[in-house]
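What follows is a single structure, written as structure tokens, with notes after it.
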Amino acid sequence: MTTTRLRDYQPSDMDAVLRLWDEVRQEGMEPVYALAEVLASCEKDHAVIASRGDEVVGAAVARAAHDQGWIVFLAVTTSARGAGIAGDMLAALEQRMAPMGLTRLSILVPDEQQQVGALMRAGFHDRAHLSYFEREIPVKRRELSILRDLGGRILPRDLWESIAGMQAEKKLLERRLVLPLAEAELAEEFGVEPPRSIVLFGPPGTGKTTFAKAVASRLQWPFVEVFPSRIAHGPGGLAAGLRETFGAIAELDHVIVFIDEVEEIAAQRGGEPPSAMQGVTNELLKLIPTFRDRPGRLLICATNFIRSLDDAFLRHGRFDYVIPIGLPDAEARRAIWSRYIPEASRERVDVATLVERSDGFSPADIEFAARSAAQAALENSVYGGTSSTTVGPTLDDYLAAISRTRTTVSADVAREFHADIDMLARY
Ligand SMILES: Nc1ncnc2c1ncn2[C@@H]1O[C@H](COP(=O)(O)OP(=O)(O)O)[C@@H](O)[C@H]1O
Ligand SMILES: [Mg+2]
């Protein structure tokens with residue numbers, strides 16, 4: 001039998017490491033470290049190669065993290081197994097890395113991996129009751145400066161859960177947007193084209209901005225809001241600013257782009273002489289198809305006045321869905337009220353009454369009324385001069401606040417909204 005030699009990794013071994021890597025995968029074991037990581041460690045960290053004649057039969061690769069060494073790849077080709085090569089490579093690696101002050105060498109192996117025997121023989125012991133967890137860091141390094149220039153950011157993970165009530169809207173967005181975007185491969189298997197651009201419409205304060213952010217938070221994709229007023233100052237004006245902004249956005253792997261009050265830049269064209277905004281509307285109409293060409297992104301446009309949007313804007317092919325975000329029903333109002341009533345008041349406040357009396361309130365109206373009740377109760381308790389011992393707003397405080405609150409959505413607006421749904425909604 002030819003003797004096995006151990007030596008340091010050389011750049012010409014790259015193909016052989018690639019082959020070993022493939023072999024491991026062919027055996028049905030997904031390596032813990034990505035190939036790029038392993039190759040980077042071959043170049044920059046520590047790697048020992050086992051060879052027989054010209055043939056590479058094994059590789060052990062590791063990196064040091066302070067006093068702990070991590071083995072990022074360990075493989076012996078099938079035909080050379082059983083000869084103790086893995087153990088020899090580990091010993092050689094340890095010898096090379098020990099002078100760096102390492103006190104421990106660790107390796108993660110898939111449950112079904114047969115290397116366990118070799119590791120035991122080499123003096124490794126199995127740490128029981130450990131599970132391996134990982135999470136993707138959503139933004140790559142090269143994207144950071146683009147995101148900074150665009151004013152984009154990753155939003156906290158809990159925004160979706162923090163939307164109270166609005167079950168119907170949540171369910172719709174969860175199914176139509178989040179599902180196909182988060183499970184892109186599954187969607188493809190079912191022949192589902194993930195949405196690329198949508199419109200949210202509805203009266204002010206119903207939660208359009210909140211939902212757009214929640215979708216970004218849910219997917220953990222960066223959230224970039226495009227502010228027409230901010231990009232209008234460049235030399236080419238707003239149209240050129242939009243083009244440039246969308247050019248930068250195209251560099252991101254994943255992104256939710258949000259344009260609020262989109263009617264301001266995509267209003268009905270026509271009129272003589274043509275308004276200055278027409279060029280901007282045209283520019284946006286041109287940018288959307290290009291934006292839609294790339295996966296991993298979603299444009300969300302929000303508007304309070306869907307009727308004033310240009311017809312071409314809403315035509316099929318530009319937006320996958322046109323989704324109404326309406327006033328909360330009783331159940332949603334209950335959830336929203338419950339969120340704002342402090343612990344100390346819960347026993348005393350009959351939420352059902354608040355729900356009934358706040359019919360026609362938007363989430364923002366309820367938020368306002370709840371804060372106003374709390375503030376009034378606080379002021380009254382401190383400055384009111386009564387010797388009342390109750391802490392927190394009472395039902396009366398809430399009812400008074402409800403009558404003080406002017407609802408944002410009048411009956412007329414609500415009627416128009418329902419007509420808009422019949423005419424324009426698509427989901
Ligand atoms: N479902 C909800 N639960 C709790 N607060 C909400 C909800 N929807 C909206 N809000 C609050 O109402 C206010 C207005 O919501 P926003 O999303 O800006 O409405 P829109 O964009 O439709 O005008 C925000 O302060 C938001 O936090
Ligand atoms: Mg908004």
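Letters A, B, ... go to the chains of the structure tokens in the order shown; residues in each chain start at 1; ligands are counted from 1 in the same order.
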Taking only C-alpha atoms and all ligand atoms into account, report as a count of residues only which residues have an atom no farther than 10 Å from an atom of ligand 2.
19
Do a neighbour search on Gly87 of chain A at 7 Å with only C-alpha atoms, toss out local chain neighbours closer than 2 positions, and write the hits as a PDB file with N, CA and C atoms, in the first residue's frame.
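Final output, saved to out_21.pdb:
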ATOM      1  N   GLY A  84      -6.844   5.516   9.712  1.00  0.00           N
ATOM      2  CA  GLY A  84      -6.449   6.468  10.758  1.00  0.00           C
ATOM      3  C   GLY A  84      -5.964   7.802  10.229  1.00  0.00           C
ATOM      4  N   ILE A  85      -6.293   8.109   8.956  1.00  0.00           N
ATOM      5  CA  ILE A  85      -5.784   9.361   8.366  1.00  0.00           C
ATOM      6  C   ILE A  85      -6.405  10.585   9.051  1.00  0.00           C
ATOM      7  N   MET A  89      -4.322  13.629  10.643  1.00  0.00           N
ATOM      8  CA  MET A  89      -4.456  15.022  10.179  1.00  0.00           C
ATOM      9  C   MET A  89      -4.799  15.943  11.351  1.00  0.00           C
ATOM     10  N   LEU A  90      -5.679  15.458  12.244  1.00  0.00           N
ATOM     11  CA  LEU A  90      -6.059  16.279  13.399  1.00  0.00           C
ATOM     12  C   LEU A  90      -4.851  16.548  14.290  1.00  0.00           C
ATOM     13  N   ALA A  91      -4.024  15.513  14.466  1.00  0.00           N
ATOM     14  CA  ALA A  91      -2.817  15.691  15.286  1.00  0.00           C
ATOM     15  C   ALA A  91      -1.890  16.721  14.645  1.00  0.00           C
ATOM     16  N   ALA A 118     -13.699   8.046  14.546  1.00  0.00           N
ATOM     17  CA  ALA A 118     -12.347   8.576  14.368  1.00  0.00           C
ATOM     18  C   ALA A 118     -12.068   9.684  15.370  1.00  0.00           C
ATOM     19  N   LEU A 119     -13.092  10.516  15.616  1.00  0.00           N
ATOM     20  CA  LEU A 119     -12.895  11.616  16.560  1.00  0.00           C
ATOM     21  C   LEU A 119     -12.668  11.091  17.970  1.00  0.00           C
ATOM     22  N   ALA A 122      -9.331   9.899  18.406  1.00  0.00           N
ATOM     23  CA  ALA A 122      -8.349  10.987  18.433  1.00  0.00           C
ATOM     24  C   ALA A 122      -8.454  11.820  19.711  1.00  0.00           C
TER      25      ALA A 122
END
Could you write out, as number ranges by chain, all the residues of segment 246-335 of chain A that DSSP marks as helix (DSSP H, G or I)?
A: 246-249, 262-264, 277-292, 306-308, 311-314, 330-335
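The nearest approach to ligand 1 among the residues A:Gly165, A:Pro110, A:Pro222, A:Pro180, with only C-alpha atoms and all ligand atoms taken into account, belongs to A:Gly165.
Proximity to Phe223 of chain A at 6 Å, evaluated using only C-alpha atoms and with sequence-adjacent residues fewer than 5 positions away removed, yields Gly152, Arg153, Ala216 and Ile256 of chain A.
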Would you save the residues of that selection, restricted to N, CA and C atoms, as a PDB file, in the first residue's frame?
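part.pdb written:
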ATOM      1  N   GLY A 152     -31.680  53.366   4.595  1.00  0.00           N
ATOM      2  CA  GLY A 152     -32.416  52.124   4.864  1.00  0.00           C
ATOM      3  C   GLY A 152     -31.906  51.442   6.115  1.00  0.00           C
ATOM      4  N   ARG A 153     -32.717  50.555   6.670  1.00  0.00           N
ATOM      5  CA  ARG A 153     -32.272  49.823   7.856  1.00  0.00           C
ATOM      6  C   ARG A 153     -33.074  48.545   8.025  1.00  0.00           C
ATOM      7  N   ALA A 216     -41.487  44.122   6.238  1.00  0.00           N
ATOM      8  CA  ALA A 216     -40.018  44.148   6.189  1.00  0.00           C
ATOM      9  C   ALA A 216     -39.430  43.471   7.421  1.00  0.00           C
ATOM     10  N   ILE A 256     -37.188  45.867   0.955  1.00  0.00           N
ATOM     11  CA  ILE A 256     -38.562  46.358   0.854  1.00  0.00           C
ATOM     12  C   ILE A 256     -38.447  47.854   0.602  1.00  0.00           C
TER      13      ILE A 256
END
Polymer residues at most 10 Å from Leu35 of chain A, only C-alpha atoms, same-chain spacing of 2 or more positions, as a list in words:
Val17, Leu18, Trp21, Asp22, Pro31, Val32, Tyr33, Glu37, Val38, Leu39, Ala40, Ser41, Val72 and Phe73 of chain A
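Between atom CA of Glu367 of chain A and atom 24 (C, counted along the ligand's line) of ligand 1 there is a distance of 7.5 Å.
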Would you mind listing what lies within 9 Å of Thr390 of chain A as a PyMOL selection string, with only C-alpha atoms counted and same-chain residues fewer than 5 positions away left out?
chain A and resi 344-345+381
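Distance check against Leu108 of chain A using only C-alpha atoms: of A:Trp70, A:Phe291, A:Tyr398, A:Phe227, the minimum falls on A:Trp70.
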